[in-house]
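Structure file upload-v3.txt (compact mmCIF, C-alpha atoms and all ligand atoms) follows.
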# COMPACT_ATOMS: atom_id res chain seq x y z
CA MET A 11 47.44 35.48 34.26
CA GLU A 12 49.89 34.78 31.50
CA GLY A 13 51.27 31.55 30.15
CA GLU A 14 48.00 29.75 30.66
CA LEU A 15 47.28 26.35 29.15
CA PHE A 16 44.71 27.51 26.61
CA PRO A 17 45.08 30.90 24.93
CA ARG A 18 42.05 33.10 25.30
CA GLU A 19 40.16 33.23 22.04
CA ARG A 20 37.99 35.70 20.20
CA THR A 21 34.44 35.18 21.43
CA GLU A 22 31.10 36.50 20.21
CA ILE A 23 29.35 37.03 23.55
CA ALA A 24 26.05 38.00 21.89
CA PRO A 25 25.15 38.95 18.31
CA GLY A 26 27.32 42.01 17.53
CA ALA A 27 29.22 41.81 20.85
CA VAL A 28 32.77 40.58 20.34
CA HIS A 29 35.62 40.06 22.82
CA LEU A 30 39.13 40.14 21.34
CA PRO A 31 41.64 39.25 24.09
CA ASP A 32 45.13 40.79 24.04
CA TRP A 33 44.29 43.12 21.17
CA LEU A 34 46.75 45.80 22.31
CA ASP A 35 50.35 44.72 22.76
CA ARG A 36 52.24 45.95 25.83
CA GLY A 37 53.88 48.82 23.94
CA ARG A 38 50.50 50.11 22.76
CA GLN A 39 49.08 49.71 26.28
CA ARG A 40 51.92 51.80 27.66
CA GLU A 41 51.31 54.53 25.06
CA LEU A 42 47.60 54.60 25.84
CA LEU A 43 48.27 54.74 29.58
CA ALA A 44 50.65 57.68 29.09
CA ALA A 45 47.98 59.46 27.02
CA CYS A 46 45.31 58.77 29.69
CA ARG A 47 47.57 60.34 32.32
CA GLU A 48 47.79 63.53 30.23
CA TRP A 49 44.03 63.61 29.55
CA ALA A 50 43.33 63.18 33.27
CA ARG A 51 45.04 66.49 34.11
CA PRO A 52 43.02 69.69 34.41
CA PRO A 53 41.52 71.62 32.73
CA ALA A 54 38.53 69.38 31.95
CA GLY A 55 40.40 66.50 33.60
CA LEU A 56 39.40 63.49 35.67
CA ARG A 57 36.26 64.16 37.72
CA THR A 58 33.74 62.44 39.96
CA VAL A 59 30.35 62.04 38.29
CA HIS A 60 27.14 62.63 40.25
CA THR A 61 23.86 61.24 38.96
CA PRO A 62 20.60 63.25 39.14
CA GLY A 63 19.18 60.67 41.58
CA GLY A 64 21.81 61.64 44.15
CA GLY A 65 24.23 58.81 43.37
CA THR A 66 27.97 59.07 42.89
CA MET A 67 29.79 57.01 40.29
CA THR A 68 32.74 55.26 41.90
CA ALA A 69 34.76 55.21 38.67
CA ARG A 70 36.19 58.66 37.94
CA GLN A 71 36.01 59.90 34.36
CA VAL A 72 37.51 62.17 31.73
CA CYS A 73 36.07 62.74 28.24
CA LEU A 74 37.51 63.67 24.85
CA GLY A 75 35.71 65.13 21.82
CA LEU A 76 32.47 65.76 23.66
CA HIS A 77 31.87 65.77 27.40
CA TRP A 78 29.42 63.17 28.68
CA TYR A 79 27.37 63.98 31.76
CA PRO A 80 24.25 62.23 33.10
CA TYR A 81 22.53 62.17 30.65
CA GLY A 82 23.79 63.98 27.56
CA TYR A 83 26.82 65.50 25.83
CA ALA A 84 28.28 69.02 26.02
CA ARG A 85 31.29 70.89 24.61
CA THR A 86 32.50 71.87 28.07
CA ALA A 87 32.90 70.00 31.37
CA VAL A 88 29.49 71.20 32.53
CA ASP A 89 29.56 69.04 35.67
CA GLY A 90 33.29 69.63 36.28
CA ASP A 91 35.42 72.77 36.03
CA GLY A 92 33.47 74.13 33.04
CA ALA A 93 36.52 74.11 30.73
CA PRO A 94 36.26 73.10 27.05
CA VAL A 95 36.53 69.34 26.58
CA LYS A 96 39.87 68.13 25.21
CA PRO A 97 39.84 67.23 21.49
CA MET A 98 39.55 63.68 20.21
CA PRO A 99 43.02 62.83 18.82
CA PRO A 100 42.90 61.56 15.20
CA TRP A 101 45.08 58.55 16.17
CA LEU A 102 42.48 57.48 18.74
CA ALA A 103 39.67 57.79 16.18
CA GLU A 104 41.77 55.64 13.87
CA LEU A 105 42.25 53.06 16.64
CA GLY A 106 38.45 52.86 16.92
CA ARG A 107 38.16 52.27 13.21
CA THR A 108 40.79 49.52 13.30
CA ALA A 109 39.06 47.91 16.31
CA VAL A 110 35.73 47.67 14.50
CA THR A 111 37.42 46.37 11.36
CA ASP A 112 39.14 43.63 13.39
CA ALA A 113 35.98 42.75 15.32
CA TYR A 114 33.52 42.69 12.41
CA GLY A 115 35.71 42.20 9.34
CA ARG A 116 34.57 45.52 7.88
CA PRO A 117 35.23 49.16 8.78
CA PRO A 118 32.61 51.34 10.47
CA ASP A 119 30.61 53.84 8.41
CA GLU A 120 31.35 56.77 10.67
CA ALA A 121 34.37 58.31 12.38
CA TYR A 122 34.88 57.91 16.13
CA ASP A 123 34.61 61.36 17.71
CA ILE A 124 34.09 60.74 21.45
CA ALA A 125 36.12 58.92 24.10
CA LEU A 126 35.17 58.31 27.72
CA VAL A 127 38.03 57.25 29.97
CA ASN A 128 37.00 55.64 33.27
CA PHE A 129 39.45 55.08 36.09
CA TYR A 130 38.58 52.35 38.61
CA ASP A 131 40.45 51.85 41.84
CA GLY A 132 40.06 48.56 43.69
CA ASP A 133 36.63 49.37 45.12
CA SER A 134 35.12 50.98 42.04
CA ARG A 135 32.30 49.42 40.07
CA MET A 136 29.87 50.47 37.38
CA GLY A 137 26.19 49.62 37.57
CA MET A 138 24.22 48.11 34.71
CA HIS A 139 23.39 50.79 32.14
CA ARG A 140 23.00 51.36 28.40
CA ASP A 141 25.15 53.72 26.33
CA SER A 142 22.13 55.50 24.88
CA ASP A 143 23.04 59.20 24.75
CA GLU A 144 24.60 58.94 21.26
CA LYS A 145 22.56 59.62 18.12
CA SER A 146 24.64 57.23 16.00
CA ALA A 147 24.11 53.47 15.92
CA ALA A 148 27.86 52.85 15.39
CA PRO A 149 29.34 50.19 17.68
CA VAL A 150 30.92 51.11 21.00
CA VAL A 151 34.63 50.20 21.21
CA SER A 152 35.98 49.38 24.68
CA LEU A 153 39.67 49.04 25.60
CA SER A 154 40.93 47.90 28.99
CA LEU A 155 44.23 48.70 30.74
CA GLY A 156 45.64 47.67 34.11
CA ASP A 157 43.70 45.49 36.54
CA SER A 158 41.36 42.86 35.14
CA CYS A 159 37.66 43.18 35.82
CA LEU A 160 34.45 41.26 35.63
CA PHE A 161 32.45 42.82 32.80
CA ARG A 162 28.76 41.95 32.74
CA PHE A 163 27.10 42.01 29.33
CA GLY A 164 23.34 41.65 29.33
CA ASN A 165 20.31 42.15 27.15
CA SER A 166 18.59 45.22 25.71
CA ALA A 167 15.34 44.84 27.66
CA SER A 168 16.35 44.98 31.32
CA ARG A 169 19.27 45.21 33.74
CA GLY A 170 18.66 41.64 34.82
CA ARG A 171 19.26 38.22 33.33
CA PRO A 172 20.12 36.90 30.88
CA TYR A 173 23.64 38.26 31.06
CA GLN A 174 27.14 36.91 30.67
CA ASP A 175 30.19 37.72 32.76
CA VAL A 176 33.44 38.17 30.85
CA GLU A 177 36.87 38.80 32.35
CA LEU A 178 38.44 41.81 30.65
CA ARG A 179 42.21 42.06 31.04
CA SER A 180 44.79 44.66 30.18
CA GLY A 181 44.95 44.97 26.39
CA ASP A 182 41.55 43.39 25.72
CA LEU A 183 39.13 44.84 23.18
CA PHE A 184 35.36 44.51 23.44
CA VAL A 185 33.11 45.84 20.67
CA PHE A 186 29.33 45.99 20.93
CA GLY A 187 27.12 47.08 18.09
CA GLY A 188 24.29 45.93 15.84
CA PRO A 189 21.65 44.05 17.87
CA SER A 190 23.81 44.49 21.00
CA ARG A 191 24.38 48.25 20.69
CA LEU A 192 21.85 49.10 23.40
CA ALA A 193 22.46 46.10 25.65
CA TYR A 194 22.79 46.77 29.38
CA HIS A 195 26.32 46.28 30.68
CA GLY A 196 28.37 47.06 33.77
CA VAL A 197 31.44 46.28 35.83
CA PRO A 198 30.51 44.41 39.03
CA LYS A 199 34.08 43.91 40.18
CA VAL A 200 37.67 45.00 39.61
CA LEU A 201 40.22 42.28 40.35
CA SER A 202 42.74 44.28 42.37
CA GLY A 203 46.41 43.58 41.91
CA THR A 204 46.04 41.80 38.56
CA ALA A 205 47.55 44.55 36.38
CA PRO A 206 50.70 43.54 34.48
CA ALA A 207 53.55 44.75 36.72
CA GLU A 208 55.52 46.29 33.84
CA LEU A 209 52.63 48.62 32.95
CA GLY A 210 52.99 50.57 36.19
CA LEU A 211 49.28 51.11 36.83
CA THR A 212 47.44 50.41 40.09
CA GLY A 213 43.76 50.10 39.24
CA ARG A 214 41.93 49.81 35.94
CA LEU A 215 41.40 52.17 33.01
CA ASN A 216 38.69 51.67 30.44
CA ILE A 217 38.47 53.74 27.29
CA THR A 218 35.21 53.62 25.36
CA LEU A 219 35.16 55.11 21.88
CA ARG A 220 31.85 56.20 20.47
CA VAL A 221 30.33 57.98 17.49
CA GLY A 222 28.12 60.78 18.74
CA GLY A 223 26.20 61.67 15.60
CA LEU A 224 25.84 64.98 17.45
CA LEU A 225 28.38 67.31 15.85
CA PRO A 226 27.35 69.34 12.80
O1 LIG B 1 34.66 50.03 32.21
C1 LIG B 1 34.06 49.36 31.37
O2 LIG B 1 34.51 48.30 30.93
C2 LIG B 1 32.72 49.84 30.88
C3 LIG B 1 32.58 51.33 30.81
C4 LIG B 1 31.23 51.74 30.34
O3 LIG B 1 30.34 50.95 30.22
C5 LIG B 1 30.96 53.13 29.98
O4 LIG B 1 31.85 53.99 30.11
O5 LIG B 1 29.84 53.43 29.55
FE FE B 2 28.74 51.79 29.09
Translate this structure into structure tokens?
Amino acid sequence: MEGELFPRERTEIAPGAVHLPDWLDRGRQRELLAACREWARPPAGLRTVHTPGGGTMTARQVCLGLHWYPYGYARTAVDGDGAPVKPMPPWLAELGRTAVTDAYGRPPDEAYDIALVNFYDGDSRMGMHRDSDEKSAAPVVSLSLGDSCLFRFGNSASRGRPYQDVELRSGDLFVFGGPSRLAYHGVPKVLSGTAPAELGLTGRLNITLRVGGLLP
């Protein structure tokens, strides 16, 4: 919703977890969307992720820099077509650095070298989980495009309460690091049909930027 009575404000959801609404302007959102469409193409393109327990993730995913699979990182799409993962573009690493600087008032110590792009259609969700396969403690940077969603941000001890639900809209930035780096989080609901019409996206894209601490 635009033109609302009170502008949405920067909010610290938990220590080290910061929501910056409307961080990307429409032009930047369009550029990112165009890039996501290219990354989603084969080889090593968008795929369905299966978990070892027999589950299927409803959000489809493509990775850059290193390929995430449940539960580790590889240089090739080991659970997809086996092709080498696409490189992390320097401009995207720079966007991660700028995001952390804006969220925390100081730049990160390390360079962003991994991106996970998740595509959610109207029925997709993501269960509560921690981003714990990275060796670096650098904050996770999350960018949202398209449909809004309910993002659930919890605690580091369990998937349950206490947690807070935040609406993430197209262009929003969410950064979680420090004491919140290993907090459980998930996406219980995508709000279908809420994407800005001029973006031309049905569904939701989320891009998380991470520092692996894994490359030599
Ligand atoms: O889609 C989101 O907002 C969260 C994605 C996420 O948690 C992940 O990729 O690990
Ligand atoms: Fe995550």
* Set the cut-off to 10 Å, count only C-alpha atoms and all ligand atoms, and list whatever residues fall near ligand LIG 1 (chain B) as JSON, numbers by chain. => {"A": [69, 71, 73, 78, 125, 126, 127, 128, 129, 130, 134, 135, 136, 137, 138, 139, 140, 141, 142, 150, 151, 152, 153, 154, 155, 158, 159, 160, 161, 162, 163, 177, 178, 179, 183, 184, 194, 195, 196, 197, 198, 200, 214, 215, 216, 217, 218, 219, 220]}
* Selected residue of minimal separation from ligand FE 2 (chain B) among A:Tyr173, A:Trp49, A:Trp33, A:Phe186, counting only C-alpha atoms and all ligand atoms ->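 The answer is A:Phe186, which sits nearest to ligand FE 2 (chain B).
With distances restricted to only C-alpha atoms and all ligand atoms, A:Asp143 is the closest residue to ligand FE 2 (chain B) from A:Asp89, A:Glu120, A:Asp143, A:Asp157.
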* Asked: What is the atom CA of Gln39 of chain A-atom CA of Thr86 of chain A distance in Å, reported with one decimal?
  ->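 We find that atom CA of Gln39 of chain A and atom CA of Thr86 of chain A lie 27.7 Å from each other.
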* Rank A:Leu74, A:Leu30, A:Leu102, A:Ala148 by their smallest atom-to-atom distance to Ile124 of chain A, using only C-alpha atoms, and report the top residue only. => A:Leu74
* Asked: Restricting the calculation to only C-alpha atoms, which member of A:His77, A:Gly132, A:Pro25, A:Ala167 is positioned closest to Lys199 of chain A?
  -> A:Gly132
Close residues, Ser166 of chain A itself excluded, 8 Å, only C-alpha atoms, min 2 positions apart in chain, as a PDB file with C-alpha atoms, keeping the file's coordinate frame:
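Contents of selection21.pdb, as written:
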ATOM      1  CA  GLY A 164      23.340  41.650  29.330  1.00  0.00           C
ATOM      2  CA  SER A 168      16.350  44.980  31.320  1.00  0.00           C
ATOM      3  CA  SER A 190      23.810  44.490  21.000  1.00  0.00           C
ATOM      4  CA  LEU A 192      21.850  49.100  23.400  1.00  0.00           C
ATOM      5  CA  ALA A 193      22.460  46.100  25.650  1.00  0.00           C
ATOM      6  CA  TYR A 194      22.790  46.770  29.380  1.00  0.00           C
TER       7      TYR A 194
END
Atoms kept (N, CA and C atoms) for segment 170-203 of chain A, as a PDB file, in the first residue's frame:
ATOM      1  N   GLY A 170      10.056 -21.567  18.079  1.00  0.00           N
ATOM      2  CA  GLY A 170       8.808 -21.023  18.629  1.00  0.00           C
ATOM      3  C   GLY A 170       8.931 -19.597  19.124  1.00  0.00           C
ATOM      4  N   ARG A 171       7.984 -19.197  19.953  1.00  0.00           N
ATOM      5  CA  ARG A 171       7.980 -17.851  20.500  1.00  0.00           C
ATOM      6  C   ARG A 171       9.135 -17.662  21.462  1.00  0.00           C
ATOM      7  N   PRO A 172       9.588 -16.434  21.712  1.00  0.00           N
ATOM      8  CA  PRO A 172       9.038 -15.211  21.140  1.00  0.00           C
ATOM      9  C   PRO A 172       9.507 -14.977  19.706  1.00  0.00           C
ATOM     10  N   TYR A 173       8.578 -14.467  18.899  1.00  0.00           N
ATOM     11  CA  TYR A 173       8.940 -14.009  17.561  1.00  0.00           C
ATOM     12  C   TYR A 173       8.104 -12.785  17.229  1.00  0.00           C
ATOM     13  N   GLN A 174       8.536 -12.103  16.188  1.00  0.00           N
ATOM     14  CA  GLN A 174       7.794 -10.927  15.722  1.00  0.00           C
ATOM     15  C   GLN A 174       7.483 -11.086  14.255  1.00  0.00           C
ATOM     16  N   ASP A 175       6.304 -10.714  13.834  1.00  0.00           N
ATOM     17  CA  ASP A 175       5.943 -10.742  12.423  1.00  0.00           C
ATOM     18  C   ASP A 175       6.094  -9.346  11.828  1.00  0.00           C
ATOM     19  N   VAL A 176       6.807  -9.282  10.707  1.00  0.00           N
ATOM     20  CA  VAL A 176       7.084  -8.014  10.035  1.00  0.00           C
ATOM     21  C   VAL A 176       6.570  -8.149   8.604  1.00  0.00           C
ATOM     22  N   GLU A 177       5.920  -7.124   8.087  1.00  0.00           N
ATOM     23  CA  GLU A 177       5.531  -7.174   6.673  1.00  0.00           C
ATOM     24  C   GLU A 177       6.697  -6.652   5.848  1.00  0.00           C
ATOM     25  N   LEU A 178       7.201  -7.478   4.953  1.00  0.00           N
ATOM     26  CA  LEU A 178       8.261  -7.038   4.039  1.00  0.00           C
ATOM     27  C   LEU A 178       7.640  -6.763   2.685  1.00  0.00           C
ATOM     28  N   ARG A 179       7.871  -5.570   2.168  1.00  0.00           N
ATOM     29  CA  ARG A 179       7.321  -5.160   0.872  1.00  0.00           C
ATOM     30  C   ARG A 179       8.429  -5.000  -0.159  1.00  0.00           C
ATOM     31  N   SER A 180       8.005  -4.836  -1.392  1.00  0.00           N
ATOM     32  CA  SER A 180       8.950  -4.665  -2.487  1.00  0.00           C
ATOM     33  C   SER A 180       9.867  -3.474  -2.211  1.00  0.00           C
ATOM     34  N   GLY A 181      11.157  -3.708  -2.222  1.00  0.00           N
ATOM     35  CA  GLY A 181      12.138  -2.649  -1.972  1.00  0.00           C
ATOM     36  C   GLY A 181      12.656  -2.611  -0.552  1.00  0.00           C
ATOM     37  N   ASP A 182      12.050  -3.407   0.341  1.00  0.00           N
ATOM     38  CA  ASP A 182      12.488  -3.385   1.745  1.00  0.00           C
ATOM     39  C   ASP A 182      13.818  -4.118   1.932  1.00  0.00           C
ATOM     40  N   LEU A 183      14.565  -3.618   2.898  1.00  0.00           N
ATOM     41  CA  LEU A 183      15.822  -4.258   3.320  1.00  0.00           C
ATOM     42  C   LEU A 183      15.662  -4.749   4.751  1.00  0.00           C
ATOM     43  N   PHE A 184      16.164  -5.932   5.016  1.00  0.00           N
ATOM     44  CA  PHE A 184      16.194  -6.452   6.386  1.00  0.00           C
ATOM     45  C   PHE A 184      17.596  -7.008   6.596  1.00  0.00           C
ATOM     46  N   VAL A 185      18.256  -6.574   7.648  1.00  0.00           N
ATOM     47  CA  VAL A 185      19.615  -7.035   7.943  1.00  0.00           C
ATOM     48  C   VAL A 185      19.596  -7.702   9.308  1.00  0.00           C
ATOM     49  N   PHE A 186      20.140  -8.910   9.412  1.00  0.00           N
ATOM     50  CA  PHE A 186      20.252  -9.516  10.746  1.00  0.00           C
ATOM     51  C   PHE A 186      21.657 -10.047  10.992  1.00  0.00           C
ATOM     52  N   GLY A 187      22.241  -9.523  12.064  1.00  0.00           N
ATOM     53  CA  GLY A 187      23.601  -9.895  12.430  1.00  0.00           C
ATOM     54  C   GLY A 187      23.777  -9.760  13.934  1.00  0.00           C
ATOM     55  N   GLY A 188      25.040  -9.792  14.371  1.00  0.00           N
ATOM     56  CA  GLY A 188      25.336  -9.663  15.793  1.00  0.00           C
ATOM     57  C   GLY A 188      24.576 -10.711  16.592  1.00  0.00           C
ATOM     58  N   PRO A 189      23.896 -10.294  17.673  1.00  0.00           N
ATOM     59  CA  PRO A 189      23.186 -11.264  18.517  1.00  0.00           C
ATOM     60  C   PRO A 189      22.015 -11.943  17.803  1.00  0.00           C
ATOM     61  N   SER A 190      21.597 -11.381  16.655  1.00  0.00           N
ATOM     62  CA  SER A 190      20.476 -11.966  15.907  1.00  0.00           C
ATOM     63  C   SER A 190      20.923 -12.811  14.713  1.00  0.00           C
ATOM     64  N   ARG A 191      22.227 -12.965  14.532  1.00  0.00           N
ATOM     65  CA  ARG A 191      22.714 -13.645  13.314  1.00  0.00           C
ATOM     66  C   ARG A 191      22.157 -15.062  13.162  1.00  0.00           C
ATOM     67  N   LEU A 192      21.998 -15.768  14.285  1.00  0.00           N
ATOM     68  CA  LEU A 192      21.519 -17.149  14.194  1.00  0.00           C
ATOM     69  C   LEU A 192      20.080 -17.292  14.686  1.00  0.00           C
ATOM     70  N   ALA A 193      19.323 -16.214  14.602  1.00  0.00           N
ATOM     71  CA  ALA A 193      17.908 -16.287  15.009  1.00  0.00           C
ATOM     72  C   ALA A 193      17.110 -17.087  13.977  1.00  0.00           C
ATOM     73  N   TYR A 194      16.145 -17.847  14.454  1.00  0.00           N
ATOM     74  CA  TYR A 194      15.217 -18.542  13.554  1.00  0.00           C
ATOM     75  C   TYR A 194      14.339 -17.511  12.853  1.00  0.00           C
ATOM     76  N   HIS A 195      14.046 -17.779  11.577  1.00  0.00           N
ATOM     77  CA  HIS A 195      13.185 -16.878  10.814  1.00  0.00           C
ATOM     78  C   HIS A 195      12.506 -17.673   9.704  1.00  0.00           C
ATOM     79  N   GLY A 196      11.434 -17.133   9.169  1.00  0.00           N
ATOM     80  CA  GLY A 196      10.723 -17.824   8.099  1.00  0.00           C
ATOM     81  C   GLY A 196       9.690 -16.914   7.464  1.00  0.00           C
ATOM     82  N   VAL A 197       9.023 -17.452   6.461  1.00  0.00           N
ATOM     83  CA  VAL A 197       8.008 -16.685   5.729  1.00  0.00           C
ATOM     84  C   VAL A 197       6.693 -17.472   5.784  1.00  0.00           C
ATOM     85  N   PRO A 198       5.821 -17.164   6.758  1.00  0.00           N
ATOM     86  CA  PRO A 198       4.572 -17.920   6.868  1.00  0.00           C
ATOM     87  C   PRO A 198       3.568 -17.627   5.759  1.00  0.00           C
ATOM     88  N   LYS A 199       3.685 -16.479   5.114  1.00  0.00           N
ATOM     89  CA  LYS A 199       2.650 -16.139   4.137  1.00  0.00           C
ATOM     90  C   LYS A 199       3.136 -15.096   3.132  1.00  0.00           C
ATOM     91  N   VAL A 200       2.794 -15.328   1.870  1.00  0.00           N
ATOM     92  CA  VAL A 200       2.996 -14.319   0.827  1.00  0.00           C
ATOM     93  C   VAL A 200       1.642 -13.665   0.579  1.00  0.00           C
ATOM     94  N   LEU A 201       1.622 -12.353   0.488  1.00  0.00           N
ATOM     95  CA  LEU A 201       0.361 -11.626   0.291  1.00  0.00           C
ATOM     96  C   LEU A 201       0.159 -11.412  -1.208  1.00  0.00           C
ATOM     97  N   SER A 202      -0.504 -12.380  -1.820  1.00  0.00           N
ATOM     98  CA  SER A 202      -0.651 -12.413  -3.286  1.00  0.00           C
ATOM     99  C   SER A 202      -1.308 -11.159  -3.826  1.00  0.00           C
ATOM    100  N   GLY A 203      -0.795 -10.695  -4.940  1.00  0.00           N
ATOM    101  CA  GLY A 203      -1.418  -9.572  -5.630  1.00  0.00           C
ATOM    102  C   GLY A 203      -1.030  -8.206  -5.068  1.00  0.00           C
TER     103      GLY A 203
END
